[in-house]
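Here is the structure we will look at, set down as structure tokens.
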Amino acid sequence: MSTFKKNFLWGGALAANQVEGAWNEAGKGLSVADVAFFKPNLDVSDYAGHNKITTPMIEEAVKTQDATYYPKRRGIDFYHRYPEDIKLFAEMGFKTLRISIAWTRLFPKGIEEEANPEGVAFYRNLFKELKANHIEPIVTLSHYEMPLYLSRTYNGWVDRRLIELFVRYAKVCFKEFGQYVRYWLTFNEIDSVGRHPFTTAGIIPDQCIDYTLDEAIYQALHHQYLAAALVTKLCHEMIPNSQVGCMLTKLTTYPNTCNPQDVLLALERNLDNYAPADIQIFGEYPALYKTFLANKGIHLQITEEDEAILKAGTADFLAFSYYMSRTESADPNKEKAAGNTIMSVKNPYLASTDWGWQIDPVGLRISLVELYDRYHVPLIIVENGMGAHDQLGDDGCVHDDYRIDYLRAHIAEMKKAVEMGVDLFGYTSWAPIDLISVSTSQMSKRYGYIYVDQDDLGKGSLKRYKKDSFYWYQKVIASNGEDLD
Ligand code: BG6
């Protein structure tokens, strides 16, 4: 008998802005992702790059039609090739595919009264294709691609008017796609507003004029929590049996030593990481978090009505991404390691990926146990994977045993967590097919089971090739996670 549930959702996860391309087709508006640029010879530890966006940089980007240095405009052409890609996912045996809807395909500026019919038609056809291939969609409403217009006009989610506009967008999604989609996620890695406020919340730092960037971040987050709660309730009303999850970047933090100062720092980081899930699952701000904000001099505008909204729209399940753990030390001189838009202390017990992210499968088990013990709601891992420099051989194959090792070790730990009693209902690895990296806009940071022939500057045939991991994952799914060899 398998450890995993009979209907365990095995699959992969994608985001519209990293795969679709077709950035200016069929009435799509510009999104914040369309102005994210690729910088050759990038310092991979420069994760602050996201925060450096300025108004002149955005103005320059909107003037050009270039898709070479703005790679999210081209993606991997999923917009035109999705039938072929979905067939490959089905061949691997996918039970589910996590995708996101681009807000700008439905509402190009975000302010329109009616949705763009061509955008609606695109996603309807995509869902039909998934259905025909017996793949259940998990859909993220907002994955790093809000309308650029809202960013430039309102400084993004800092403005409360965004809530109503987002609800309007979500309502169209539920009405048009509700018959195909049961599982919904509100905001991808909502906690990342603090790490890259432009990508996640459309905040342009130089536009923070009557308020600080910090105030902007927490106010924007508050508005996203409210929007998430409102659309969760709406989804339950509009789609019978729907399940709505919140989503977190799980950044489990270890103290570097048992020095109480290190332990305290790790505790603070972990509490900070939990806060967005606390708010969306318990339906209120934790007392300690409110004090933490007040001590930072942040005084949010939270009304009694807001509190009622949070309570009435709590999430049904918790989805999270997990790539690595992080380590904290009170000693500022400790050697550092890169991670998913963070830097932390290098953990000597762990190996690293080509991009310096420290590989920690046991950390996944720790994360699962901690999250389930804290929230008591079903969990799903919606991102986990390894970015690597893959080489396409003359045999038309990529021999990515390093990726298989990474995934095997993580799935084995996930299994142990389930054996400990964690309620886990799915696993969608990031990403089933090579795509544009969110943090570096590189194509050469590859995650897929399927290789895409395209380089960082967009050259290549876009032809798809199966990697060794393709066949390995096929076996994993066929055995419901029992055969990891
Ligand atoms: C997650 C994001 O944080 O990390 C994805 O939700 C992203 O969109 C993934 O692609 C991997 O990060 P990167 O920077 O390697 O693309």
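As shown in the structure tokens, the chain order sets the letters A, B, ...; within each chain, residues go from 1, and ligands are also counted from 1 in the order they appear.
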Return as a ChimeraX atom specification the full set of residues in segment 373-437 of chain A whose backbone-based DSSP assignment is strand (DSSP E).
/A:379-383,424-430
Within 9 Å of ligand 1 (only C-alpha atoms and all ligand atoms), residues as a PyMOL selection string:
chain A and resi 13-15+17-18+47+143-144+188-189+192+249+321-323+340-341+355+382-387+430-431+435-442+445-447
Please list as a compact mmCIF listing (two decimals) with N, CA, C and O atoms, in the first residue's frame every residue within 10 Å of Gly119 of chain A, counting only C-alpha atoms and excluding residues in the same chain fewer than 4 positions away.
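Listing of part.txt after writing:
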# COMPACT_ATOMS: atom_id res chain seq x y z
N GLU A 25 -0.22 40.12 -27.47
CA GLU A 25 -1.21 39.52 -28.38
C GLU A 25 -2.58 39.44 -27.72
O GLU A 25 -2.69 39.37 -26.49
N ALA A 26 -3.59 39.41 -28.56
CA ALA A 26 -4.97 39.16 -28.15
C ALA A 26 -5.43 40.10 -27.02
O ALA A 26 -6.12 39.69 -26.10
N GLY A 27 -4.99 41.34 -27.15
CA GLY A 27 -5.49 42.37 -26.22
C GLY A 27 -4.84 42.38 -24.85
O GLY A 27 -5.28 43.11 -23.96
N LYS A 28 -3.79 41.60 -24.67
CA LYS A 28 -3.15 41.58 -23.34
C LYS A 28 -2.52 42.94 -23.02
O LYS A 28 -1.90 43.56 -23.87
N ILE A 101 -3.31 32.53 -13.93
CA ILE A 101 -3.99 33.33 -14.96
C ILE A 101 -3.34 34.70 -14.97
O ILE A 101 -3.08 35.27 -13.90
N ALA A 102 -3.05 35.21 -16.16
CA ALA A 102 -2.49 36.57 -16.25
C ALA A 102 -3.66 37.55 -16.18
O ALA A 102 -4.50 37.60 -17.08
N TRP A 103 -3.67 38.31 -15.10
CA TRP A 103 -4.70 39.34 -14.89
C TRP A 103 -4.82 40.23 -16.14
O TRP A 103 -5.91 40.59 -16.58
N THR A 104 -3.65 40.54 -16.75
CA THR A 104 -3.62 41.46 -17.89
C THR A 104 -4.19 40.88 -19.18
O THR A 104 -4.40 41.60 -20.15
N ARG A 105 -4.39 39.56 -19.22
CA ARG A 105 -5.07 39.01 -20.41
C ARG A 105 -6.57 39.26 -20.31
O ARG A 105 -7.26 39.40 -21.30
N LEU A 106 -7.05 39.28 -19.07
CA LEU A 106 -8.49 39.46 -18.86
C LEU A 106 -8.83 40.94 -18.71
O LEU A 106 -9.82 41.43 -19.25
N PHE A 107 -8.00 41.65 -17.95
CA PHE A 107 -8.20 43.10 -17.73
C PHE A 107 -6.86 43.79 -18.01
O PHE A 107 -6.01 43.88 -17.13
N PRO A 108 -6.66 44.26 -19.27
CA PRO A 108 -5.34 44.76 -19.68
C PRO A 108 -4.77 45.84 -18.77
O PRO A 108 -3.57 45.85 -18.51
N ALA A 115 -14.42 41.98 -19.00
CA ALA A 115 -13.20 41.23 -19.31
C ALA A 115 -12.98 41.14 -20.82
O ALA A 115 -13.94 41.14 -21.60
N TYR A 123 -7.94 31.02 -21.84
CA TYR A 123 -7.89 30.15 -20.65
C TYR A 123 -8.96 29.06 -20.71
O TYR A 123 -8.73 27.94 -20.25
N ARG A 124 -10.11 29.39 -21.30
CA ARG A 124 -11.14 28.34 -21.40
C ARG A 124 -10.60 27.18 -22.24
O ARG A 124 -10.74 26.01 -21.87
Can you pull out every residue within 10 Å of Pro83 of chain A, counting only C-alpha atoms, but drop anything in the same chain fewer than 2 positions away, and send it as number ranges by chain?
A: 78-81, 85-89, 125-126, 129-130, 133
So that I can see what lies close to Gly393 of chain A, please list as an MDAnalysis selection string the residues with an atom at most 12 Å from it, counting only C-alpha atoms and leaving out residues fewer than 5 positions away in the same chain.
chainID A and resid 398:400 451 453 465:468
Apply DSSP to the structure's backbone, then extract all residues of segment 362-461 of chain A labelled helix (DSSP H, G or I) and return them as a ChimeraX atom specification.
/A:362-375,401-419
If you count only C-alpha atoms, which residues fall within 8 Å of segment 162-174 of chain A, apart from same-chain ones fewer than 3 positions away, as an mmCIF file with C-alpha atoms, in the first residue's frame?
data_model
loop_
_atom_site.group_PDB
_atom_site.id
_atom_site.type_symbol
_atom_site.label_atom_id
_atom_site.label_comp_id
_atom_site.auth_asym_id
_atom_site.auth_seq_id
_atom_site.Cartn_x
_atom_site.Cartn_y
_atom_site.Cartn_z
ATOM 1 C CA TRP A 103 -4.700 39.344 -14.891
ATOM 2 C CA LEU A 106 -8.490 39.464 -18.855
ATOM 3 C CA PHE A 107 -8.203 43.095 -17.732
ATOM 4 C CA GLY A 110 -6.969 46.267 -14.461
ATOM 5 C CA ILE A 111 -9.652 48.972 -14.471
ATOM 6 C CA ALA A 115 -13.197 41.232 -19.312
ATOM 7 C CA LEU A 141 -4.967 34.144 -9.362
ATOM 8 C CA LEU A 150 -2.138 49.770 -11.596
ATOM 9 C CA GLY A 156 0.146 49.061 -6.817
ATOM 10 C CA TRP A 157 -1.338 47.425 -3.771
ATOM 11 C CA ASP A 159 -3.827 51.752 -2.746
ATOM 12 C CA PHE A 177 -13.652 28.862 -15.364
ATOM 13 C CA GLY A 178 -15.460 27.548 -12.284
ATOM 14 C CA HIS A 223 -4.790 44.942 1.173
ATOM 15 C CA GLN A 224 -3.776 41.618 -0.359
ATOM 16 C CA LEU A 226 -8.300 41.477 2.495
ATOM 17 C CA ALA A 227 -8.543 40.750 -1.227
ATOM 18 C CA LEU A 230 -12.944 38.382 -0.071
ATOM 19 C CA VAL A 231 -12.239 36.199 -3.088
ATOM 20 C CA LEU A 234 -16.713 34.591 -3.180
ATOM 21 C CA CYS A 235 -15.217 31.428 -4.630
ATOM 22 C CA MET A 238 -19.824 30.784 -6.736
ATOM 23 C CA ILE A 239 -18.219 27.340 -7.157
#
Calculated over only C-alpha atoms, which of the candidates A:Asn273, A:Gln261, A:Arg152, A:Leu288 has the smallest distance to Val193 of chain A?
A:Asn273
Would you mind listing what lies within 9 Å of His299 of chain A as a list of chain:residue names, with only C-alpha atoms counted and same-chain residues fewer than 4 positions away left out?
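With the cut-off at 9 Å, the set is A:Glu215, A:Gln219, A:Leu293, A:Ala294.
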Just to be explicit: take each residue in the selection above, keep N, CA, C and O atoms, and write the result as a compact mmCIF listing (two decimals), in the first residue's frame.
# COMPACT_ATOMS: atom_id res chain seq x y z
N GLU A 215 6.34 51.15 5.08
CA GLU A 215 4.89 51.35 5.29
C GLU A 215 4.11 50.86 4.08
O GLU A 215 3.06 50.22 4.21
N GLN A 219 1.23 47.95 4.20
CA GLN A 219 -0.13 48.35 3.84
C GLN A 219 -0.59 47.54 2.62
O GLN A 219 -1.72 47.08 2.56
N LEU A 293 5.00 45.11 14.25
CA LEU A 293 4.79 46.20 13.28
C LEU A 293 4.82 47.55 13.99
O LEU A 293 5.46 48.50 13.54
N ALA A 294 4.13 47.63 15.14
CA ALA A 294 4.09 48.90 15.88
C ALA A 294 5.49 49.32 16.29
O ALA A 294 5.86 50.49 16.16
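Shortest atom-to-atom contact with Gly93 of chain A among A:Arg408, A:Lys336, A:His134, A:His196: A:His134, counting only C-alpha atoms.
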For Asn256 of chain A, which residue out of A:Tyr349, A:Phe320, A:Phe94, A:Tyr180 is the nearest one, using only C-alpha atoms?
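Closest candidate: A:Tyr349.
Checking A:Thr140, A:Ser444, A:Thr428, A:Thr55 one by one against Phe38 of chain A, counting only C-alpha atoms, you find the shortest gap at A:Ser444.
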Rounded to one decimal, what separation in Å do you get between atom CA of Thr257 of chain A and atom CA of Thr327 of chain A?
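Going from atom CA of Thr257 of chain A over to atom CA of Thr327 of chain A, I get 9.4 Å.
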Select, from A:Arg182, A:Arg326, A:Lys296, A:Lys63, the residue with the minimum atom-to-atom distance to Lys250 of chain A, counting only C-alpha atoms.
A:Arg326
